[in-house]
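Everything below concerns the one structure shown next.
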Amino acid sequence: MWDKLKEQFNLLKLEKKKLYLITSSEKFVSRDEFLDAISSALQGGVDIIQLREKSIPDNVIVEIGHKIRTLCDEFGATFIVNDRADIAKIVQADGVHLGAEDINIADAREVLGDNAIIGKTTHTPDEVEKAIKDGADYITLGPISLNNKNPHFIDFSVIEWAQDNAKIPTFVTGDINLNNVVELTQSGIYKIAVSDQIMYAKIPEQTARNFLKYLP
């Protein structure tokens, strides 16, 4: 009974979240500077922090992860680890985000338990439907661009399809900034996932607040 209530509570919290920040320490001079940027973003109202590290040792990811767990607890934010369910479990993250080459959702649940939040990267309607069928709690969908016809960006019609058909929280990714976020929200997009726009802002807190002004 308690586990089921906890699972429902986690997903309810996810439904209300709007601003998802994908973080990496790669371009920061020091770990302290990186953590300061995350703290500032959280003060600005970021709802979800994803720790995405591709090139540092596992023991360093764990060390950083424990500190981000503490920061997220302080601000009531959800903490997600990219790719690594094992590390997510060690640092007591709320869940894991999986890409195309990562373990499947069922295996991630085996590692993290039924109450974990599991997200999935998607680019097409077929991938969205599969993620939902496999039991994802949320998806990221993209990348989109309002001004670029590069084939690496998905067509806006996919976003519109997901708005009508994806019954789980969908965070749109891509070329999203303060100059076009209004256009996105006018199209019905109210959940976004961003990275550099906040992480490398002069004042991440203020940039996060500026994004949230446009997310109803």
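Following the order of the structure tokens, chains are lettered A, B, ..., residues in each are numbered from 1, and ligands are numbered from 1.
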Residue contacts of region 127-144 of chain A (7 Å, only C-alpha atoms) excluding same-chain residues fewer than 2 positions away, as a PyMOL selection string: chain A and resi 105+117-125+146+153-156+168-175
As a PyMOL selection string, please: the residues near Arg52 (chain A) (cut-off 7 Å, only C-alpha atoms, same-chain neighbours under 5 positions excluded). chain A and resi 22-24+81-82
Please return, as a ChimeraX atom specification, all residues of chain A that DSSP assigns to alpha helix (DSSP H) on the basis of the backbone. /A:2-15,31-43,58-75,85-90,105-112,125-134,156-165,181-186,196-199,204-213
Go through region 9-206 of chain A and collect every residue that DSSP, computed from the backbone, puts in strand (DSSP E); the answer should be as a ChimeraX atom specification. /A:19-23,48-51,78-82,95-98,117-122,138-144,170-174,192-194
Using only C-alpha atoms, which of A:Thr70, A:Asn179, A:Ser25, A:Thr207 sits nearest Val91 (chain A)? A:Thr70
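Checking A:Leu51, A:Leu112, A:Ile192, A:Ala106 one by one against Lys18 (chain A), counting only C-alpha atoms, you find the shortest gap at A:Ile192.
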Taking only C-alpha atoms into account, which of A:Glu110, A:Asp83, A:Asp32, A:Glu205 comes nearest His97 (chain A)?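 For His97 (chain A), the nearest of the candidates is A:Asp83.
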Which residue is closest to Tyr214 (chain A)? Choose from A:Leu71, A:Ile176, A:Val181, A:Ile159 and count only C-alpha atoms.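 Ranking A:Leu71, A:Ile176, A:Val181, A:Ile159 by distance to Tyr214 (chain A), first place goes to A:Val181.
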Mind checking which residues fall within 9 Å of region 57-66 of chain A, counting only C-alpha atoms, ignoring those fewer than 2 positions away in the same chain, and posting them as a ChimeraX atom specification? /A:31,35,51,53-55,68-71,81,87-88,90-93
Write the residues of the selection above to a file with N, CA, C and O atoms, as a compact mmCIF listing (two decimals), in the first residue's frame.
# COMPACT_ATOMS: atom_id res chain seq x y z
N ARG A 31 34.67 21.59 -9.86
CA ARG A 31 33.40 20.97 -9.43
C ARG A 31 32.59 21.95 -8.59
O ARG A 31 31.35 21.96 -8.67
N LEU A 35 28.74 22.93 -9.21
CA LEU A 35 27.70 22.78 -8.19
C LEU A 35 27.06 24.12 -7.84
O LEU A 35 25.86 24.19 -7.57
N LEU A 51 21.85 14.65 -14.01
CA LEU A 51 23.31 14.60 -14.04
C LEU A 51 23.73 13.74 -15.23
O LEU A 51 23.49 12.53 -15.24
N GLU A 53 26.97 12.79 -17.28
CA GLU A 53 28.43 12.81 -17.36
C GLU A 53 28.90 11.68 -18.27
O GLU A 53 28.53 10.52 -18.07
N LYS A 54 29.71 12.02 -19.27
CA LYS A 54 30.16 11.03 -20.25
C LYS A 54 31.64 10.73 -20.19
O LYS A 54 32.10 9.75 -20.76
N SER A 55 32.42 11.59 -19.52
CA SER A 55 33.87 11.46 -19.67
C SER A 55 34.65 11.55 -18.37
O SER A 55 35.87 11.72 -18.40
N ILE A 68 24.66 16.62 -5.41
CA ILE A 68 23.46 17.09 -6.10
C ILE A 68 22.20 16.56 -5.40
O ILE A 68 21.19 17.26 -5.31
N ARG A 69 22.27 15.34 -4.87
CA ARG A 69 21.14 14.81 -4.10
C ARG A 69 20.80 15.73 -2.93
O ARG A 69 19.63 16.04 -2.68
N THR A 70 21.82 16.20 -2.25
CA THR A 70 21.61 17.11 -1.11
C THR A 70 20.99 18.42 -1.58
O THR A 70 20.05 18.93 -0.95
N LEU A 71 21.49 18.96 -2.69
CA LEU A 71 20.94 20.22 -3.22
C LEU A 71 19.48 20.05 -3.64
O LEU A 71 18.63 20.90 -3.35
N VAL A 81 19.64 10.63 -12.79
CA VAL A 81 20.97 10.34 -13.33
C VAL A 81 20.82 9.81 -14.75
O VAL A 81 19.97 8.95 -15.00
N ILE A 87 24.51 3.85 -10.71
CA ILE A 87 24.93 5.05 -10.01
C ILE A 87 23.73 5.77 -9.41
O ILE A 87 23.79 6.30 -8.30
N ALA A 88 22.62 5.77 -10.12
CA ALA A 88 21.39 6.38 -9.58
C ALA A 88 21.02 5.74 -8.25
O ALA A 88 20.61 6.43 -7.30
N ILE A 90 23.13 4.19 -6.13
CA ILE A 90 24.15 4.51 -5.13
C ILE A 90 23.93 5.89 -4.53
O ILE A 90 24.04 6.08 -3.31
N VAL A 91 23.60 6.87 -5.38
CA VAL A 91 23.48 8.25 -4.88
C VAL A 91 22.05 8.58 -4.45
O VAL A 91 21.75 9.72 -4.10
N GLN A 92 21.17 7.55 -4.48
CA GLN A 92 19.78 7.71 -4.04
C GLN A 92 19.04 8.77 -4.86
O GLN A 92 18.28 9.58 -4.34
N ALA A 93 19.30 8.75 -6.17
CA ALA A 93 18.57 9.63 -7.08
C ALA A 93 17.10 9.18 -7.14
O ALA A 93 16.76 8.06 -6.76
Work out how far CA of Asp107 (chain A) is from CA of Gly76 (chain A), in Å to one decimal.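 Result for CA of Gly76 (chain A) versus CA of Asp107 (chain A): 27.3 Å, one decimal.
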Atomic separation - CA of Tyr20 (chain A) relative to CA of Gly188 (chain A), Å: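 These two atoms are separated by 16.8 Å.
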Can you work out the spacing between CA of Ala162 (chain A) and CA of Ala116 (chain A) in Å, to one decimal?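 Distance between the two atoms: 23.3 Å.
Using only C-alpha atoms, the nearest neighbour of Gln206 (chain A) within the list A:Asn180, A:Phe79, A:Leu42, A:Leu98 is A:Leu42.
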